[in-house]
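Q: You'll find target.csv just under this line, and it carries CSV, C-alpha atoms.
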chain,number,residue,atom,x,y,z
O,186,MET,CA,-203.7,17.5,-132.4
O,187,PRO,CA,-203.1,14.2,-130.6
O,188,ALA,CA,-206.3,14.4,-128.5
O,189,VAL,CA,-208.5,14.9,-131.6
O,190,GLY,CA,-206.8,12.1,-133.4
O,191,ILE,CA,-207.4,9.7,-130.5
O,192,TRP,CA,-211.1,10.5,-130.2
O,193,LEU,CA,-211.5,10.3,-134.0
O,194,GLY,CA,-209.8,7.0,-134.3
O,195,ALA,CA,-211.8,5.5,-131.4
O,196,TYR,CA,-215.1,6.7,-132.8
O,197,VAL,CA,-214.4,5.5,-136.3
O,198,ALA,CA,-213.4,2.1,-135.0
O,199,ALA,CA,-216.8,2.0,-133.1
O,200,VAL,CA,-218.7,2.9,-136.2
O,201,VAL,CA,-217.0,0.3,-138.4
O,202,TYR,CA,-217.6,-2.4,-135.8
O,203,ALA,CA,-221.3,-1.5,-135.4
O,204,THR,CA,-221.9,-1.2,-139.2
O,205,LEU,CA,-220.4,-4.6,-140.0
O,206,HIS,CA,-221.8,-6.5,-137.1
O,207,PRO,CA,-222.1,-9.5,-136.7
O,208,TRP,CA,-218.8,-10.0,-138.6
O,209,SER,CA,-219.7,-13.5,-139.6
O,210,GLY,CA,-220.9,-15.4,-142.7
O,211,TRP,CA,-218.7,-13.5,-145.2
O,212,ARG,CA,-219.6,-14.4,-148.7
O,213,THR,CA,-218.9,-13.5,-152.3
O,214,PRO,CA,-221.6,-11.0,-153.5
O,215,GLY,CA,-224.0,-12.2,-156.0
O,216,ARG,CA,-223.9,-8.9,-157.9
O,217,TRP,CA,-221.7,-5.9,-158.3
O,218,MET,CA,-221.0,-4.4,-154.8
O,219,PHE,CA,-222.0,-0.9,-156.0
O,220,ALA,CA,-225.3,-2.1,-157.5
O,221,PHE,CA,-227.3,-0.8,-154.5
O,222,LEU,CA,-226.6,2.7,-155.7
O,223,SER,CA,-229.1,2.2,-158.5
O,224,ASP,CA,-231.6,0.2,-156.5
O,225,PRO,CA,-235.2,1.6,-156.1
O,226,TRP,CA,-235.8,3.7,-153.0
O,227,PRO,CA,-236.5,1.4,-150.1
O,228,ARG,CA,-240.1,0.8,-149.4
O,229,TRP,CA,-239.7,0.4,-145.6
O,230,TRP,CA,-237.8,2.9,-143.6
O,231,THR,CA,-238.3,5.0,-140.5
O,232,GLY,CA,-237.4,8.5,-139.4
O,233,PHE,CA,-235.5,6.9,-136.4
O,234,ASP,CA,-233.2,5.0,-138.8
O,235,VAL,CA,-232.5,8.2,-140.8
O,236,ALA,CA,-231.9,10.3,-137.7
O,237,ALA,CA,-229.6,7.6,-136.2
O,238,ASN,CA,-227.5,7.4,-139.4
O,239,VAL,CA,-227.2,11.2,-139.6
O,240,ALA,CA,-226.2,11.5,-135.9
O,241,ALA,CA,-223.7,8.7,-136.1
O,242,TYR,CA,-221.6,10.5,-138.7
O,243,LEU,CA,-221.9,14.0,-137.3
O,244,PRO,CA,-218.9,13.6,-134.9
O,245,ILE,CA,-216.8,12.1,-137.7
O,246,GLY,CA,-217.3,15.2,-139.8
O,247,LEU,CA,-216.6,17.5,-136.9
O,248,LEU,CA,-213.5,15.7,-135.6
O,249,LEU,CA,-212.1,14.9,-139.1
O,250,THR,CA,-212.4,18.6,-140.1
O,251,VAL,CA,-210.4,19.7,-137.1
O,252,TRP,CA,-207.8,16.9,-137.5
O,253,LEU,CA,-207.3,17.7,-141.2
O,254,ALA,CA,-207.0,21.4,-140.6
O,255,ARG,CA,-204.3,20.9,-138.0
O,256,ARG,CA,-202.5,18.0,-139.7
O,257,LEU,CA,-202.4,19.5,-143.2
O,258,SER,CA,-202.3,23.1,-142.1
O,259,LEU,CA,-205.5,23.9,-144.0
O,260,ALA,CA,-208.1,26.6,-143.5
O,261,MET,CA,-211.3,25.3,-142.1
O,262,THR,CA,-213.3,25.5,-145.3
O,263,PRO,CA,-211.2,23.2,-147.4
O,264,ALA,CA,-210.7,20.9,-144.4
O,265,ALA,CA,-214.5,20.8,-144.1
O,266,VAL,CA,-214.9,19.8,-147.7
O,267,LEU,CA,-212.3,17.1,-147.4
O,268,ALA,CA,-213.9,15.8,-144.2
O,269,THR,CA,-217.3,15.7,-145.9
O,270,LEU,CA,-215.8,13.6,-148.7
O,271,GLY,CA,-214.0,11.4,-146.2
O,272,GLY,CA,-217.2,10.7,-144.3
O,273,ALA,CA,-219.0,9.9,-147.5
O,274,ALA,CA,-216.2,7.6,-148.6
O,275,LEU,CA,-216.2,5.8,-145.3
O,276,SER,CA,-219.9,5.2,-145.5
O,277,LEU,CA,-219.7,4.1,-149.1
O,278,GLY,CA,-216.9,1.6,-148.3
O,279,LEU,CA,-218.9,0.2,-145.4
O,280,GLU,CA,-222.1,-0.1,-147.3
O,281,CYS,CA,-220.2,-2.0,-150.0
O,282,LEU,CA,-218.7,-4.4,-147.4
O,283,GLN,CA,-222.2,-5.0,-146.1
O,284,ALA,CA,-222.9,-6.7,-149.4
O,285,LEU,CA,-220.5,-9.4,-148.2
O,286,LEU,CA,-222.6,-10.1,-145.1
O,287,PRO,CA,-225.8,-12.2,-145.3
O,288,ASP,CA,-227.5,-10.3,-142.4
O,289,ARG,CA,-226.8,-6.8,-143.7
O,290,VAL,CA,-228.3,-5.0,-146.6
O,291,PRO,CA,-226.5,-2.0,-148.2
O,292,SER,CA,-228.8,1.0,-148.7
O,293,ARG,CA,-228.5,4.2,-150.7
O,294,LEU,CA,-230.6,5.9,-148.0
O,295,ASP,CA,-228.1,5.0,-145.3
O,296,LEU,CA,-225.3,6.3,-147.5
O,297,LEU,CA,-227.1,9.6,-148.0
O,298,ALA,CA,-228.0,10.0,-144.3
O,299,ASN,CA,-224.4,9.2,-143.3
O,300,SER,CA,-223.0,11.7,-145.8
O,301,ALA,CA,-225.4,14.3,-144.6
O,302,GLY,CA,-224.3,13.7,-141.0
O,303,GLY,CA,-220.7,14.0,-142.0
O,304,ALA,CA,-221.4,17.2,-143.9
O,305,ALA,CA,-223.3,18.7,-141.0
O,306,GLY,CA,-220.5,17.9,-138.6
O,307,ALA,CA,-217.9,19.5,-141.0
O,308,LEU,CA,-220.1,22.5,-141.4
O,309,LEU,CA,-220.5,22.8,-137.6
O,310,ALA,CA,-216.7,22.6,-137.1
O,311,ALA,CA,-216.1,25.3,-139.8
O,312,SER,CA,-218.6,27.6,-138.1
O,313,ILE,CA,-217.2,27.1,-134.7
O,314,GLY,CA,-213.5,27.4,-135.8
O,315,ARG,CA,-210.5,25.3,-135.2
O,316,ARG,CA,-209.0,27.4,-132.4
O,317,ARG,CA,-212.2,27.3,-130.4
O,318,ILE,CA,-212.5,23.5,-130.7
O,319,GLU,CA,-208.9,23.0,-129.8
O,320,ARG,CA,-209.4,25.0,-126.6
O,321,TRP,CA,-212.0,22.5,-125.4
O,322,PRO,CA,-209.4,19.9,-124.1
O,323,ARG,CA,-207.4,22.8,-122.6
O,324,ARG,CA,-210.4,24.1,-120.8
O,325,LEU,CA,-211.1,20.6,-119.5
O,326,ARG,CA,-207.5,20.4,-118.2
O,327,ASP,CA,-207.9,23.8,-116.6
O,328,ALA,CA,-211.2,22.8,-114.9
O,329,LEU,CA,-209.9,19.4,-113.8
O,330,PRO,CA,-206.5,18.5,-112.5
O,331,LEU,CA,-205.7,16.3,-115.4
O,332,ALA,CA,-202.2,15.3,-116.6
O,333,PRO,CA,-201.1,16.6,-120.1
O,334,HIS,CA,-201.4,13.2,-121.8
O,335,ALA,CA,-204.6,12.0,-120.1
O,336,THR,CA,-206.7,11.6,-123.3
O,337,PRO,CA,-206.2,7.8,-123.9
O,338,GLY,CA,-207.0,7.1,-120.3
O,339,LEU,CA,-210.2,9.3,-120.5
O,340,VAL,CA,-211.2,7.3,-123.6
O,341,LEU,CA,-210.6,4.1,-121.6
O,342,LEU,CA,-212.8,5.3,-118.7
O,343,LEU,CA,-215.5,6.4,-121.1
O,344,ALA,CA,-215.6,3.0,-122.8
O,345,TRP,CA,-215.9,1.4,-119.4
O,346,LEU,CA,-218.9,3.5,-118.5
O,347,LEU,CA,-220.6,2.9,-121.8
O,348,SER,CA,-220.2,-0.9,-121.4
O,349,HIS,CA,-222.6,-0.7,-118.4
O,350,LEU,CA,-225.5,0.2,-120.8
O,351,ASN,CA,-225.5,-3.4,-121.9
O,352,PRO,CA,-226.7,-6.4,-119.8
O,353,GLN,CA,-223.8,-7.9,-117.8
O,354,PRO,CA,-223.5,-11.3,-116.1
O,355,MET,CA,-222.6,-9.5,-112.9
O,356,ALA,CA,-222.2,-5.9,-111.7
O,357,PHE,CA,-219.3,-4.1,-113.4
O,358,ALA,CA,-218.4,-7.4,-115.2
O,359,THR,CA,-216.1,-7.0,-118.2
O,360,GLY,CA,-213.8,-9.4,-120.1
O,361,ASP,CA,-216.4,-12.2,-119.9
O,362,LEU,CA,-215.1,-14.4,-122.7
O,363,LEU,CA,-217.5,-17.2,-121.9
O,364,ALA,CA,-220.5,-15.0,-122.5
O,365,ALA,CA,-219.0,-13.9,-125.8
O,366,TRP,CA,-218.8,-17.6,-126.9
O,367,PRO,CA,-221.6,-18.7,-129.3
O,368,GLY,CA,-224.2,-20.5,-127.4
O,369,VAL,CA,-227.0,-20.0,-124.9
O,370,PRO,CA,-227.0,-16.5,-123.4
O,371,GLY,CA,-225.7,-16.6,-119.8
O,372,GLY,CA,-224.1,-20.0,-120.1
O,373,PRO,CA,-221.0,-21.6,-121.7
O,374,ALA,CA,-221.2,-22.9,-125.3
O,375,HIS,CA,-219.8,-26.4,-124.6
O,376,PRO,CA,-220.4,-28.7,-121.7
O,377,TRP,CA,-216.7,-29.1,-120.9
O,378,LEU,CA,-216.5,-25.4,-120.0
O,379,ALA,CA,-219.0,-25.9,-117.2
O,380,GLN,CA,-216.4,-27.9,-115.1
O,381,TRP,CA,-214.3,-24.8,-114.8
O,382,LEU,CA,-217.1,-22.6,-113.4
O,383,LEU,CA,-217.4,-22.0,-109.7
O,384,PRO,CA,-220.4,-23.5,-107.8
O,385,HIS,CA,-223.5,-21.3,-107.6
O,386,GLU,CA,-223.1,-20.9,-103.9
O,387,PHE,CA,-219.8,-19.1,-104.4
O,388,GLU,CA,-221.4,-16.6,-106.9
O,389,PRO,CA,-222.1,-13.8,-104.3
O,390,PHE,CA,-218.5,-14.0,-103.0
O,391,ALA,CA,-217.0,-14.1,-106.5
O,392,GLU,CA,-219.2,-11.1,-107.5
O,393,ALA,CA,-218.1,-9.1,-104.4
O,394,ALA,CA,-214.4,-9.8,-105.1
O,395,GLY,CA,-214.7,-9.0,-108.8
O,396,VAL,CA,-216.6,-5.7,-108.1
O,397,SER,CA,-214.1,-4.7,-105.5
O,398,MET,CA,-211.1,-5.4,-107.7
O,399,THR,CA,-212.8,-3.4,-110.6
O,400,VAL,CA,-213.5,-0.4,-108.3
O,401,LEU,CA,-209.9,-0.5,-107.1
O,402,ALA,CA,-208.6,-0.7,-110.7
O,403,ILE,CA,-210.8,2.2,-111.9
O,404,GLY,CA,-209.7,4.4,-109.0
O,405,LEU,CA,-206.0,3.6,-109.7
O,406,ILE,CA,-206.4,4.5,-113.4
O,407,GLY,CA,-208.2,7.7,-112.4
O,408,HIS,CA,-205.2,8.6,-110.1
O,409,GLU,CA,-202.9,8.0,-113.0
O,410,LEU,CA,-204.7,10.6,-115.1
O,411,LEU,CA,-204.3,13.4,-112.4
O,412,ARG,CA,-201.7,16.1,-112.8
O,413,PRO,CA,-198.7,15.5,-110.5
O,414,GLY,CA,-199.0,17.6,-107.4
O,415,ALA,CA,-202.8,17.8,-107.5
O,416,SER,CA,-204.3,18.7,-104.1
O,417,SER,CA,-205.7,16.1,-101.8
O,418,ALA,CA,-209.2,17.4,-102.3
O,419,ALA,CA,-208.9,17.3,-106.1
O,420,ARG,CA,-207.8,13.6,-105.9
O,421,PHE,CA,-211.3,12.6,-104.9
O,422,ILE,CA,-212.3,13.3,-108.5
O,423,VAL,CA,-211.3,9.6,-109.1
O,424,ALA,CA,-214.7,8.7,-107.5
O,425,VAL,CA,-216.6,10.3,-110.5
O,426,PRO,CA,-216.4,7.3,-112.9
O,427,ILE,CA,-217.5,4.9,-110.0
O,428,VAL,CA,-220.5,7.1,-109.1
O,429,ALA,CA,-221.3,7.5,-112.8
O,430,ALA,CA,-221.2,3.7,-113.3
O,431,ILE,CA,-223.6,3.2,-110.4
O,432,LEU,CA,-226.0,5.7,-111.9
O,433,ILE,CA,-225.8,4.1,-115.4
O,434,GLU,CA,-226.4,0.6,-114.0
O,435,THR,CA,-229.5,2.0,-112.2
O,436,VAL,CA,-230.9,3.9,-115.2
O,437,ALA,CA,-230.2,1.0,-117.5
O,438,SER,CA,-232.1,-1.4,-115.1
O,439,VAL,CA,-235.1,1.0,-115.2
O,440,VAL,CA,-235.1,1.0,-119.0
O,441,TRP,CA,-234.9,-2.8,-119.1
O,442,LEU,CA,-237.1,-3.8,-116.2
O,443,GLY,CA,-239.0,-0.7,-115.1
O,444,ARG,CA,-238.8,1.2,-111.8
O,445,PRO,CA,-239.3,-1.9,-109.6
O,446,GLY,CA,-236.1,-3.4,-111.0
O,447,ALA,CA,-234.0,-0.2,-110.7
O,448,LEU,CA,-231.7,-1.6,-108.0
O,449,GLY,CA,-232.0,-5.3,-108.9
O,450,TRP,CA,-228.3,-5.3,-109.9
O,451,LEU,CA,-227.3,-4.0,-106.5
O,452,ASN,CA,-227.4,-7.3,-104.6
O,453,ALA,CA,-225.4,-8.4,-101.6
O,454,GLY,CA,-222.4,-9.2,-103.6
O,455,ALA,CA,-222.4,-5.9,-105.5
O,456,GLN,CA,-222.9,-4.0,-102.3
O,457,GLY,CA,-220.0,-5.8,-100.5
O,458,GLY,CA,-217.8,-5.3,-103.5
O,459,LEU,CA,-218.4,-1.6,-103.8
O,460,LEU,CA,-217.7,-1.1,-100.1
O,461,ALA,CA,-214.5,-3.3,-100.1
O,462,GLY,CA,-213.3,-1.6,-103.3
O,463,ILE,CA,-213.8,1.9,-101.9
O,464,VAL,CA,-211.9,1.0,-98.7
O,465,ALA,CA,-209.1,-0.6,-100.7
O,466,LEU,CA,-208.9,2.5,-102.9
O,467,LEU,CA,-208.6,4.8,-99.9
O,468,MET,CA,-205.8,2.6,-98.5
O,469,LEU,CA,-203.9,2.0,-101.7
O,470,GLY,CA,-204.7,5.0,-103.9
O,471,TRP,CA,-201.8,7.0,-102.7
O,472,VAL,CA,-199.0,4.6,-103.5
O,473,GLY,CA,-196.2,5.4,-106.0
O,474,ARG,CA,-196.8,5.5,-109.7
O,475,ARG,CA,-195.2,2.2,-110.6
O,476,ALA,CA,-196.9,0.4,-107.7
O,477,ARG,CA,-200.2,2.0,-108.7
O,478,MET,CA,-200.0,0.6,-112.3
O,479,TRP,CA,-198.9,-2.9,-111.1
O,480,LEU,CA,-201.8,-2.9,-108.7
O,481,ALA,CA,-204.2,-1.9,-111.4
O,482,ILE,CA,-203.0,-4.7,-113.7
O,483,ALA,CA,-203.2,-7.3,-110.9
O,484,ALA,CA,-206.7,-6.1,-109.9
O,485,LEU,CA,-208.0,-6.2,-113.5
O,486,ALA,CA,-206.5,-9.6,-114.1
O,487,ALA,CA,-208.1,-11.0,-110.9
O,488,ALA,CA,-211.5,-9.4,-111.6
O,489,THR,CA,-211.5,-10.7,-115.2
O,490,LEU,CA,-210.7,-14.3,-114.0
O,491,LEU,CA,-213.5,-14.2,-111.5
O,492,PHE,CA,-216.0,-12.8,-113.9
O,493,ASN,CA,-215.2,-15.7,-116.3
O,494,LEU,CA,-215.3,-18.4,-113.6
O,495,ALA,CA,-218.3,-17.3,-111.7
O,496,PRO,CA,-221.8,-18.3,-113.0
O,497,PRO,CA,-224.1,-15.4,-113.9
O,498,ASN,CA,-226.5,-14.2,-111.2
O,499,ALA,CA,-230.2,-14.8,-111.3
O,500,TYR,CA,-230.9,-11.1,-112.0
O,501,TYR,CA,-229.0,-11.3,-115.2
O,502,LEU,CA,-230.6,-14.5,-116.3
O,503,SER,CA,-234.1,-13.3,-115.7
O,504,MET,CA,-233.4,-10.0,-117.4
O,505,ARG,CA,-231.9,-11.7,-120.5
O,506,THR,CA,-235.1,-13.7,-121.1
O,507,SER,CA,-237.1,-10.6,-121.5
O,508,TRP,CA,-234.5,-8.2,-123.0
O,509,SER,CA,-234.1,-7.4,-126.7
O,510,GLY,CA,-231.9,-4.9,-128.4
O,511,GLY,CA,-234.7,-3.9,-130.7
O,512,ALA,CA,-233.7,-1.0,-133.0
O,513,TRP,CA,-230.4,-0.7,-131.0
O,514,THR,CA,-229.2,-4.2,-131.8
O,515,ASN,CA,-226.0,-3.1,-133.5
O,516,PHE,CA,-225.3,-0.5,-130.8
O,517,HIS,CA,-225.6,-3.2,-128.1
O,518,ALA,CA,-223.4,-5.5,-130.1
O,519,LEU,CA,-220.8,-2.8,-130.0
O,520,LEU,CA,-221.2,-2.4,-126.3
O,521,ARG,CA,-220.8,-6.2,-125.8
O,522,ALA,CA,-217.6,-6.1,-127.8
O,523,VAL,CA,-216.3,-3.1,-125.7
O,524,ALA,CA,-217.1,-4.9,-122.5
O,525,THR,CA,-215.4,-8.1,-123.7
O,526,VAL,CA,-212.1,-6.5,-124.7
O,527,TRP,CA,-212.0,-3.6,-122.2
O,528,PRO,CA,-210.0,-5.1,-119.3
O,529,PHE,CA,-207.3,-6.5,-121.7
O,530,VAL,CA,-206.9,-3.0,-123.4
O,531,ALA,CA,-206.9,-1.4,-119.9
O,532,MET,CA,-204.1,-3.8,-118.8
O,533,ALA,CA,-202.1,-3.0,-121.9
O,534,TRP,CA,-202.5,0.7,-121.2
O,535,CYS,CA,-201.4,0.3,-117.6
O,536,ALA,CA,-198.3,-1.6,-118.9
O,537,SER,CA,-197.5,1.2,-121.3
O,538,ARG,CA,-197.7,3.7,-118.5
O,539,LEU,CA,-195.1,1.7,-116.6
O,540,ARG,CA,-192.5,2.8,-119.2
O,541,HIS,CA,-193.1,6.4,-118.3
O,542,ALA,CA,-192.7,5.6,-114.6
O,543,ARG,CA,-189.3,4.0,-114.6
O,544,PRO,CA,-187.2,5.2,-111.7
O,545,ARG,CA,-184.3,7.4,-112.6
O,546,ARG,CA,-180.9,5.9,-112.2
O,547,ARG,CA,-178.7,7.6,-109.6
O,548,LEU,CA,-175.4,8.7,-110.8
Would you encode the structure as structure tokens?

A:
Amino acid sequence: MPAVGIWLGAYVAAVVYATLHPWSGWRTPGRWMFAFLSDPWPRWWTGFDVAANVAAYLPIGLLLTVWLARRLSLAMTPAAVLATLGGAALSLGLECLQALLPDRVPSRLDLLANSAGGAAGALLAASIGRRRIERWPRRLRDALPLAPHATPGLVLLLAWLLSHLNPQPMAFATGDLLAAWPGVPGGPAHPWLAQWLLPHEFEPFAEAAGVSMTVLAIGLIGHELLRPGASSAARFIVAVPIVAAILIETVASVVWLGRPGALGWLNAGAQGGLLAGIVALLMLGWVGRRARMWLAIAALAAATLLFNLAPPNAYYLSMRTSWSGGAWTNFHALLRAVATVWPFVAMAWCASRLRHARPRRRL
């Protein structure tokens, strides 16, 4: 089932990235990579860590069971067994790779928790049944006017929404390559990069333009996911990810700064950008398919350029000084990576959609 395979691949890639973060300082292990299996039980561990490791692998067990059952034409019970073994093998391989990283420590407890999570997911899939699980995407398409091959685009929009859980230099900012550069948070790593940044007095205008371009691009991508011939009323569903992003930004600000800072991200630039982006979407959202994808690519490219050239706003800088990932450090590292690569992946997806929108030649 293509939809299950796409969700499974995206989720496994996220787990691999978070497990091996920070992906630097690779070294030759001082002992056998499997030696942690015979180490004494760790002295320091928390119920939160165990629960997080179990929960992280539960979707893998569920999705892998369904994918194997469909791909190999297996009954759910043998597929669940293979999925359980597959989840345990993935965890074992990643724990061994952690022995090559100085900042990571392989743990037998993590392996057991991951394996338990994969087994729980596989058992859940077997109890629900393959046919019922495979009906979920169909019911979603029936409830929403989605096109038959909308799954990659839905994954793309979900990744964009998740990126807002992490602190951003500006509202809706993605593709910020300078922030990903090693150095002081919120600033370029090398002095020569500073000469390319816009002056601080242009920061509100750059933020407004970047937000408006992002809103336009998200709306155009949403239109691309709709079923051809969808009613005019149904087309307003493209506003859902934009509204969801506003709510996520607000909730995240409450978590970081408390209730007084809930709307700290919604400054003059963000407000103007939201308004301009919505107006542009209302005016341009109904263009043809090819023009829609070209507009989305251009808007994403312009927004990414602005987010890289504009200095971070004061709200972001003050929030970074008091913010810490804490127990969610690896999760936030994953979100930073998603936010960094997202616009480039989105542009590639839009370009791929252009191949399906080629005009037919007239005979």

Q: Could you pull the residues within 7 Å of region 513-517 of chain O, counting all atoms listed in the file, minus those fewer than 3 positions along the same chain, as a list in words?

A: Ala203, His206, Asn351, Gly510, Leu520 and Arg521 of chain O

Q: Rank nothing, just name the residue among O:Ala284, O:Met218, O:Ala447, O:Val189 nearest to Arg320 (chain O), using all atoms listed in the file.

A: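 Nearest to Arg320 (chain O): O:Val189.
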
Q: What does the distance from CA of Val200 (chain O) to CA of Ile245 (chain O) come to in Å, to one decimal?

A: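 These two atoms are separated by 9.5 Å.
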
Q: Hey, can you check how far CA of Ile433 (chain O) sits from CA of Gly232 (chain O)?

A: 27.0 Å

Q: Distance cut-off 6 Å, centre (-206.5, 14.0, -117.2) in file coordinates, counting all atoms listed in the file: which residues qualify? Return them as a VMD selection string.

A: chain O and resid 331 to 332 335 410 to 411

Q: When distances are computed from only C-alpha atoms, which of O:Pro263, O:Pro528, O:Pro207, O:Pro426 shows the smallest separation from Gly407 (chain O)?

A: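 Ranked by minimum distance to Gly407 (chain O), first place goes to O:Pro426.
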
Q: Residues near region 476-478 of chain O, anyone? I mean within 12 Å using all atoms listed in the file, not counting same-chain ones fewer than 5 positions away, as a ChimeraX atom specification.

A: /O:401-410,466,468-471,483-485,531-544

Q: Counting all atoms listed in the file, which residue out of O:Ala220, O:Leu247, O:Ala328, O:Ala268 sits closest to Val290 (chain O)?

A: O:Ala220

Q: From the options O:Phe219, O:Phe529, O:Trp230, O:Phe357, which residue's atoms come nearest to Gly458 (chain O), counting all atoms listed in the file?

A: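 So, comparing all the options, the nearest one is O:Phe357.
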
Q: Report the distance between CA of Leu222 (chain O) and CA of Val197 (chain O) in Å, rounded to one decimal place.

A: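 Between CA of Leu222 (chain O) and CA of Val197 (chain O) the gap is 23.1 Å.
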
Q: Using all atoms listed in the file, which residue out of O:Leu275, O:Ala304, O:Leu257, O:Val340 lies closest to Ala240 (chain O)?

A: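 Using all atoms listed in the file, Ala240 (chain O) sits closest to O:Ala304.
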
Q: Hey, what's within 8 Å of region 393-396 of chain O if we count only C-alpha atoms and toss same-chain stuff fewer than 4 positions away? As number ranges by chain, please?

A: O: 356-358, 389, 400, 453-459, 462, 487-489, 491-492

Q: Using all atoms listed in the file, which of O:Ile482, O:Ala429, O:Leu248, O:Ala301 sits nearest Gly190 (chain O)?

A: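 Under the stated criterion, the closest residue is O:Leu248.
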
Q: Pick out the residues sitting within 12 Å of Gly302 (chain O), and hand them over as a ChimeraX atom specification; count only C-alpha atoms, and ignore anything fewer than 5 positions along from it in its own chain.

A: /O:235-247,268-273,276,295-297,307-309

Q: With C-alpha atoms retained, write the just-selected residues as a JSON list (two decimals), keeping the file's coordinate frame.

A:
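Generated file (again.json):
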[["chain", "number", "residue", "atom", "x", "y", "z"],
["O", 235, "VAL", "CA", -232.50, 8.20, -140.80],
["O", 236, "ALA", "CA", -231.90, 10.30, -137.70],
["O", 237, "ALA", "CA", -229.60, 7.60, -136.20],
["O", 238, "ASN", "CA", -227.50, 7.40, -139.40],
["O", 239, "VAL", "CA", -227.20, 11.20, -139.60],
["O", 240, "ALA", "CA", -226.20, 11.50, -135.90],
["O", 241, "ALA", "CA", -223.70, 8.70, -136.10],
["O", 242, "TYR", "CA", -221.60, 10.50, -138.70],
["O", 243, "LEU", "CA", -221.90, 14.00, -137.30],
["O", 244, "PRO", "CA", -218.90, 13.60, -134.90],
["O", 245, "ILE", "CA", -216.80, 12.10, -137.70],
["O", 246, "GLY", "CA", -217.30, 15.20, -139.80],
["O", 247, "LEU", "CA", -216.60, 17.50, -136.90],
["O", 268, "ALA", "CA", -213.90, 15.80, -144.20],
["O", 269, "THR", "CA", -217.30, 15.70, -145.90],
["O", 270, "LEU", "CA", -215.80, 13.60, -148.70],
["O", 271, "GLY", "CA", -214.00, 11.40, -146.20],
["O", 272, "GLY", "CA", -217.20, 10.70, -144.30],
["O", 273, "ALA", "CA", -219.00, 9.90, -147.50],
["O", 276, "SER", "CA", -219.90, 5.20, -145.50],
["O", 295, "ASP", "CA", -228.10, 5.00, -145.30],
["O", 296, "LEU", "CA", -225.30, 6.30, -147.50],
["O", 297, "LEU", "CA", -227.10, 9.60, -148.00],
["O", 307, "ALA", "CA", -217.90, 19.50, -141.00],
["O", 308, "LEU", "CA", -220.10, 22.50, -141.40],
["O", 309, "LEU", "CA", -220.50, 22.80, -137.60]]

Q: Kindly complete region 512-524 of chain O to N, CA and C atoms; the output should be written as a PDB file, in the frame of the given file.

A:
ATOM      1  N   ALA O 512    -234.326  -1.882-131.940  1.00  0.00           N
ATOM      2  CA  ALA O 512    -233.700  -1.000-133.000  1.00  0.00           C
ATOM      3  C   ALA O 512    -232.262  -0.730-132.664  1.00  0.00           C
ATOM      4  N   TRP O 513    -231.811  -1.020-131.426  1.00  0.00           N
ATOM      5  CA  TRP O 513    -230.400  -0.700-131.000  1.00  0.00           C
ATOM      6  C   TRP O 513    -229.563  -1.959-131.038  1.00  0.00           C
ATOM      7  N   THR O 514    -229.919  -2.967-131.834  1.00  0.00           N
ATOM      8  CA  THR O 514    -229.200  -4.200-131.800  1.00  0.00           C
ATOM      9  C   THR O 514    -227.704  -4.023-132.118  1.00  0.00           C
ATOM     10  N   ASN O 515    -227.396  -3.268-133.153  1.00  0.00           N
ATOM     11  CA  ASN O 515    -226.000  -3.100-133.500  1.00  0.00           C
ATOM     12  C   ASN O 515    -225.247  -2.273-132.432  1.00  0.00           C
ATOM     13  N   PHE O 516    -225.941  -1.310-131.820  1.00  0.00           N
ATOM     14  CA  PHE O 516    -225.300  -0.500-130.800  1.00  0.00           C
ATOM     15  C   PHE O 516    -224.980  -1.415-129.564  1.00  0.00           C
ATOM     16  N   HIS O 517    -225.899  -2.293-129.194  1.00  0.00           N
ATOM     17  CA  HIS O 517    -225.600  -3.200-128.100  1.00  0.00           C
ATOM     18  C   HIS O 517    -224.574  -4.225-128.420  1.00  0.00           C
ATOM     19  N   ALA O 518    -224.490  -4.623-129.670  1.00  0.00           N
ATOM     20  CA  ALA O 518    -223.400  -5.500-130.100  1.00  0.00           C
ATOM     21  C   ALA O 518    -222.053  -4.826-129.905  1.00  0.00           C
ATOM     22  N   LEU O 519    -222.004  -3.540-130.231  1.00  0.00           N
ATOM     23  CA  LEU O 519    -220.800  -2.800-130.000  1.00  0.00           C
ATOM     24  C   LEU O 519    -220.443  -2.705-128.535  1.00  0.00           C
ATOM     25  N   LEU O 520    -221.458  -2.468-127.687  1.00  0.00           N
ATOM     26  CA  LEU O 520    -221.200  -2.400-126.300  1.00  0.00           C
ATOM     27  C   LEU O 520    -220.730  -3.736-125.709  1.00  0.00           C
ATOM     28  N   ARG O 521    -221.267  -4.841-126.218  1.00  0.00           N
ATOM     29  CA  ARG O 521    -220.800  -6.200-125.800  1.00  0.00           C
ATOM     30  C   ARG O 521    -219.341  -6.360-126.150  1.00  0.00           C
ATOM     31  N   ALA O 522    -218.972  -5.927-127.357  1.00  0.00           N
ATOM     32  CA  ALA O 522    -217.600  -6.100-127.800  1.00  0.00           C
ATOM     33  C   ALA O 522    -216.659  -5.209-126.908  1.00  0.00           C
ATOM     34  N   VAL O 523    -217.099  -3.983-126.595  1.00  0.00           N
ATOM     35  CA  VAL O 523    -216.300  -3.100-125.700  1.00  0.00           C
ATOM     36  C   VAL O 523    -216.120  -3.742-124.362  1.00  0.00           C
ATOM     37  N   ALA O 524    -217.222  -4.279-123.795  1.00  0.00           N
ATOM     38  CA  ALA O 524    -217.100  -4.900-122.500  1.00  0.00           C
ATOM     39  C   ALA O 524    -216.228  -6.120-122.487  1.00  0.00           C
TER      40      ALA O 524
END
